[in-house]
Structures are given as structure tokens and as C-alpha cells.
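Text of the file work_39.txt, holding compact mmCIF, C-alpha atoms:
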```txt
# COMPACT_ATOMS: atom_id res chain seq x y z
CA GLY A 1 50.11 40.26 112.10
CA SER A 2 46.35 40.85 112.41
CA SER A 3 45.41 38.87 109.30
CA SER A 4 41.91 37.45 108.84
CA ASP A 5 40.87 34.38 110.79
CA ILE A 6 39.50 32.50 107.79
CA ASN A 7 40.65 29.08 109.04
CA ARG A 8 38.47 28.98 112.14
CA ALA A 9 35.77 26.72 110.76
CA ALA A 10 37.90 24.44 108.56
CA GLY A 11 41.30 24.44 110.27
CA HIS A 12 44.11 23.96 107.78
CA ASP A 13 41.78 22.41 105.18
CA VAL A 14 41.14 25.66 103.32
CA ALA A 15 41.36 26.74 99.69
CA ARG A 16 43.77 29.51 100.63
CA TYR A 17 45.35 31.18 103.64
CA ALA A 18 44.78 34.86 104.43
CA ILE A 19 48.47 35.53 103.73
CA GLU A 20 51.02 33.44 101.84
CA ILE A 21 54.75 34.18 102.17
CA THR A 22 57.04 32.24 99.86
CA GLY A 23 60.31 32.61 97.98
CA CYS A 24 61.68 35.27 100.33
CA TYR A 25 65.24 35.73 101.64
CA ALA A 26 65.11 37.46 105.03
CA HIS A 27 68.51 38.27 106.50
CA HIS A 28 70.13 40.51 109.15
CA ASN A 29 66.85 41.72 110.65
CA LEU A 30 65.56 41.88 114.20
CA LEU A 31 62.65 39.69 113.03
CA GLY A 32 62.74 37.94 109.68
CA TYR A 33 58.97 37.55 109.89
CA SER A 34 56.74 38.68 112.76
CA GLY A 35 53.54 36.72 113.17
CA THR A 36 52.43 38.61 116.24
CA ALA A 37 48.64 38.70 116.57
CA GLY A 38 48.34 37.10 113.15
CA ASN A 39 46.13 34.27 111.92
CA SER A 40 46.03 32.11 108.84
CA VAL A 41 49.56 32.73 107.52
CA TRP A 42 51.31 30.14 105.37
CA ALA A 43 55.05 30.77 105.23
CA HIS A 44 56.82 28.21 103.07
CA ASN A 45 59.99 27.76 101.05
CA ASN A 46 61.72 30.83 102.47
CA VAL A 47 65.27 31.37 103.75
CA PHE A 48 65.87 33.10 107.11
CA VAL A 49 69.54 33.86 107.81
CA ASP A 50 71.31 35.89 110.53
CA ASN A 51 68.22 37.43 112.08
CA VAL A 52 67.66 37.72 115.81
CA ARG A 53 64.50 35.67 115.29
CA GLY A 54 63.83 34.09 111.94
CA VAL A 55 60.11 33.78 112.69
CA SER A 56 58.46 35.16 115.81
CA MET A 57 54.87 34.29 116.75
CA PHE A 58 53.31 35.78 119.90
CA ASN A 59 49.68 36.42 120.91
CA GLU A 60 50.51 39.98 121.99
CA ASP A 61 47.96 41.87 124.11
CA THR A 62 45.96 38.62 124.41
CA ALA A 63 45.09 38.70 120.69
CA ASN A 64 44.56 35.57 118.61
CA THR A 65 47.49 33.91 116.80
CA SER A 66 46.17 30.70 115.30
CA PHE A 67 46.08 28.44 112.25
CA ASN A 68 49.51 29.46 110.98
CA ARG A 69 51.72 27.05 109.06
CA ILE A 70 55.50 27.42 108.89
CA THR A 71 56.76 24.74 106.52
CA GLY A 72 59.65 23.92 104.22
CA ASN A 73 61.86 26.85 105.27
CA LEU A 74 65.58 27.10 106.01
CA PHE A 75 66.58 28.77 109.29
CA MET A 76 70.33 29.27 109.56
CA GLY A 77 72.52 31.42 111.79
CA ASN A 78 69.69 33.22 113.58
CA ASP A 79 69.64 33.66 117.36
CA TRP A 80 66.37 31.68 117.36
CA GLY A 81 65.15 29.98 114.20
CA VAL A 82 61.48 30.04 115.21
CA ALA A 83 60.24 31.41 118.54
CA LEU A 84 56.61 30.68 119.45
CA THR A 85 55.71 32.53 122.66
CA LEU A 86 52.44 31.93 124.49
CA GLY A 87 51.18 34.94 126.41
CA PRO A 88 48.08 35.60 128.54
CA CYS A 89 44.73 35.11 126.87
CA GLY A 90 41.16 36.18 127.38
CA ALA A 91 40.75 39.89 126.67
CA LEU A 92 39.55 41.61 123.50
CA GLY A 93 36.58 39.28 123.22
CA PHE A 94 38.53 36.04 122.75
CA PRO A 95 37.74 33.08 125.05
CA VAL A 96 40.52 32.19 127.45
CA THR A 97 41.00 28.87 125.66
CA ASP A 98 41.11 30.23 122.14
CA CYS A 99 44.13 32.47 121.62
CA LEU A 100 46.82 30.27 120.15
CA VAL A 101 45.66 27.07 118.47
CA GLU A 102 46.57 24.82 115.56
CA ASN A 103 49.91 26.36 114.63
CA GLU A 104 52.00 23.96 112.55
CA ILE A 105 55.79 24.08 112.29
CA ASP A 106 56.74 21.26 109.98
CA HIS A 107 59.42 20.04 107.59
CA ASN A 108 61.79 22.94 108.19
CA LEU A 109 65.58 22.80 108.36
CA PHE A 110 67.17 24.49 111.40
CA VAL A 111 70.96 24.68 111.09
CA GLY A 112 73.49 26.53 113.24
CA ASN A 113 71.10 28.88 115.01
CA ARG A 114 72.89 30.47 117.94
CA ARG A 115 70.46 29.92 120.85
CA HIS A 116 67.81 27.36 119.90
CA GLY A 117 66.59 26.03 116.58
CA LEU A 118 62.90 25.99 117.53
CA SER A 119 61.70 27.48 120.83
CA ILE A 120 58.18 27.14 122.27
CA ALA A 121 57.71 28.94 125.58
CA THR A 122 55.14 30.59 127.83
CA GLN A 123 55.65 34.23 128.66
CA GLU A 124 56.78 34.92 132.22
CA GLY A 125 53.73 35.48 134.43
CA CYS A 126 51.39 33.86 131.93
CA GLU A 127 49.86 31.52 134.52
CA ALA A 128 48.83 34.48 136.69
CA PHE A 129 46.80 36.13 133.92
CA GLY A 130 45.36 33.19 132.00
CA CYS A 131 47.56 30.93 129.92
CA PRO A 132 45.68 29.57 126.88
CA GLU A 133 45.02 26.07 128.21
CA ASP A 134 43.80 24.71 124.88
CA THR A 135 46.94 25.82 123.08
CA SER A 136 47.86 23.43 120.30
CA ALA A 137 50.93 23.42 118.12
CA HIS A 138 52.50 20.70 116.02
CA ALA A 139 56.25 20.41 115.52
CA HIS A 140 56.80 17.56 113.11
CA GLY A 141 59.15 16.48 110.38
CA ASN A 142 61.77 19.12 111.20
CA VAL A 143 65.54 18.64 110.98
CA LEU A 144 67.48 20.40 113.76
CA ASP A 145 71.24 20.28 113.36
CA ARG A 146 74.14 22.02 115.15
CA ASN A 147 72.05 24.64 116.97
CA GLY A 148 72.86 26.35 120.28
CA HIS A 149 76.62 26.56 120.03
CA GLN A 150 76.79 30.35 120.48
CA SER A 151 74.18 30.91 123.18
CA PRO A 152 75.16 33.48 125.85
CA ASP A 153 72.99 31.52 128.31
CA GLY A 154 75.08 28.38 127.96
CA PHE A 155 74.33 25.73 125.39
CA GLY A 156 71.10 25.69 123.39
CA ASP A 157 68.86 22.93 122.07
CA GLY A 158 67.54 21.82 118.73
CA LEU A 159 63.97 22.03 120.04
CA HIS A 160 63.47 23.82 123.36
CA VAL A 161 60.10 23.75 125.16
CA ASP A 162 59.67 25.85 128.32
CA ALA A 163 55.93 25.93 128.89
CA GLU A 164 53.45 25.55 131.74
CA PRO A 165 52.16 21.95 132.01
CA GLU A 166 48.63 22.84 130.90
CA VAL A 167 50.12 24.36 127.76
CA ALA A 168 52.87 21.85 127.05
CA ASP A 169 50.51 18.90 126.75
CA GLY A 170 48.88 20.58 123.75
CA LEU A 171 52.16 20.54 121.86
CA LEU A 172 52.61 17.54 119.56
CA VAL A 173 56.21 16.60 118.75
CA ALA A 174 56.64 13.95 116.06
CA ASP A 175 59.01 12.72 113.35
CA ASN A 176 61.75 15.27 114.03
CA ALA A 177 65.48 14.60 113.69
CA ALA A 178 68.00 16.36 115.95
CA SER A 179 71.76 15.92 115.86
CA PHE A 180 74.95 17.67 116.98
CA ASN A 181 73.09 20.36 118.94
CA ALA A 182 75.01 22.04 121.77
CA ASP A 183 72.82 20.73 124.61
CA VAL A 184 69.73 18.52 124.12
CA GLY A 185 68.40 17.51 120.74
CA LEU A 186 64.69 17.62 121.64
CA ASP A 187 64.14 19.21 125.07
CA ALA A 188 60.38 18.81 125.28
CA ALA A 189 59.21 18.01 128.81
CA GLY A 190 55.45 17.63 129.17
CA VAL A 191 54.58 17.56 125.47
CA THR A 192 52.53 14.95 123.65
CA ASP A 193 54.89 12.46 122.02
CA GLY A 194 53.70 11.75 118.49
CA GLY A 195 56.45 9.19 117.89
CA GLY A 196 59.01 8.85 115.16
CA ASN A 197 61.53 11.28 116.66
CA ARG A 198 65.23 10.62 116.10
CA ALA A 199 68.26 12.15 117.79
CA ARG A 200 71.97 11.44 118.09
CA HIS A 201 75.32 13.00 118.93
CA ASN A 202 73.96 15.95 120.91
CA ARG A 203 76.61 17.48 123.11
CA SER A 204 75.01 16.99 126.55
CA GLY A 205 74.80 13.25 126.01
CA VAL A 206 71.02 13.52 126.51
CA ASP A 207 69.39 13.38 123.12
CA CYS A 208 65.73 13.73 124.13
CA VAL A 209 63.67 14.86 127.13
CA GLY A 210 59.91 14.32 127.18
CA VAL A 211 59.76 12.22 124.01
CA ASP A 212 61.19 8.87 123.04
CA CYS A 213 63.86 8.94 120.35
CA THR A 214 65.76 6.46 118.29
CA ALA A 215 69.17 7.06 116.75
```

Is it possible to give me this structure as C-alpha cells?
Amino acid sequence: GSSSDINRAAGHDVARYAIEITGCYAHHNLLGYSGTAGNSVWAHNNVFVDNVRGVSMFNEDTANTSFNRITGNLFMGNDWGVALTLGPCGALGFPVTDCLVENEIDHNLFVGNRRHGLSIATQEGCEAFGCPEDTSAHAHGNVLDRNGHQSPDGFGDGLHVDAEPEVADGLLVADNAASFNADVGLDAAGVTDGGGNRARHNRSGVDCVGVDCTA
């Protein structure tokens, strides 16, 4: 966390990220990688196995967590593969609309994670203290297979979105493939549908919520 915000002017079109994480094997940890209060991190081509959370990103204490890219990784057997949590925003000098923007989660493989493959949620009470309304995250090109079969809360999803409406509409979901998950393949009410999503054979019989899917 707390890496430099060098992407602010150019977005993801930069010569380098502040931190690059690649070629790592993170296993049997509480957090395989914690991106709390961190900006401009590129985590790619890593393996996250049997952690509570493979990758956790959270704008803790209203700090900024933006312009991160999680791409080309394998998440297998974690409780949550990736958990992106949106907390209150606006203190520490950051505008209320500028705490958690332009995070990309793309072209990862989520297999057999116990609760959800990819979870994007707002922290409880966020709306009372200032949810980051201009939150933007992109989940695209991911494969989510056989997740949620060991969730103590019931059955989990491939992609699970539980966010306030003003936050959810900043989440772009496109070109993902979800199959054989314990509940819904892509449970993404209120998001922006980028198209190209595919889902089949998810246990609930409902393959997609909030986005259109083909088999």
C-alpha cells in the first residue's frame, strides 16, 4: 500500500507503474497481496493459492487506491480470489469523488475459490460517510470457474457485486466467462454492461444478473 500516484495524469498509459509484482507464488496467507491505500500497482503473472484473500484492495481510512492493474494471474482455492472493497472517501485531502478510480482486473483465471472468485463491494455504512461516487473499476476478460462451493454463507458466485447504486454504475463488466460456479456466474446488479460476457452451467440456474450473457 501507499505507493506513489504516478498514474494520475496519464491513467494506465504510463512508462512504468510505481510497483510491479510478477512471478510470485503466494500461498497460505491471510492476504496474498494487500493493496490497501495503494496506487499504481501492476500485479501480473502471479499465482495465489489457499489464501484467505488472494488480492485485497481497500481505500482504508479514506485514502486513495487507484490506477491498479491486476492481470494474468491465477487465483485458486482462496476464500476470495480478489476482493475490492469501497469504503468512505473524502478525508486526508482527497476529493470525495477521487478515492478509488480506474482499477483494472482483467484476464485472470479464478478457479475453485471457496466464497467468490471476484468480489466488488461497498463497506457497510459507506453511504452514510461518503461513498466514492465516481468509483470506476473494469472487470474484463476473466475466466471464473467452479467458485463458491465451500462458502459458509451458502453458495458463492464467480463474480459478486454488492455495491451502492451510485458506485455500481461505475463498474464495467465485459468479456468474462463464468461456468460451474455454485450460485450465479456473474452476479452484477447495477453495473455497466460492456458486452461479450458468457456464462453457462452455474448451479443456481441463473447464469447472469445485471449483464447479458451468452452461453

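With atom CA of A:His149 on one side and atom CA of A:Ala168 on the other, the separation reads 25.2 Å.
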
Please report, as AutoDock Vina command-line options, the centre and edge lengths in Å to one decimal of an axis-aligned box covering all listed atoms of stretch 173-190 of chain A with 6 Å per side.
```
--center_x 65.2 --center_y 17.4 --center_z 121.3 --size_x 31.6 --size_y 21.3 --size_z 27.8
```

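Across the model, the gap from atom CA of A:Leu172 to atom CA of A:Asn142 is 12.5 Å.
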
Measuring between only C-alpha atoms, which one of A:Val14, A:Ala9, A:Phe58, A:Asn202 shows the shortest distance to A:Tyr33?
A:Phe58

List every protein, DNA or RNA residue with an atom no more than 9 Å from (55.6, 30.7, 98.8) in the file's coordinates, counting all atoms listed in the file, and format the result as an NGL selection string.
:A and (20-24 or 42-46)

Please determine the residues with any atom at most 12 Å from (70.1, 27.6, 120.0) (coordinates as given in the file, with all atoms listed in the file counting) and report them as a PyMOL selection string.
chain A and resi 52-53+75-83+110-119+144-161+180-187

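Taking atom CA of A:Ala174 as the reference point, atom CA of A:His140 is found at 4.7 Å.
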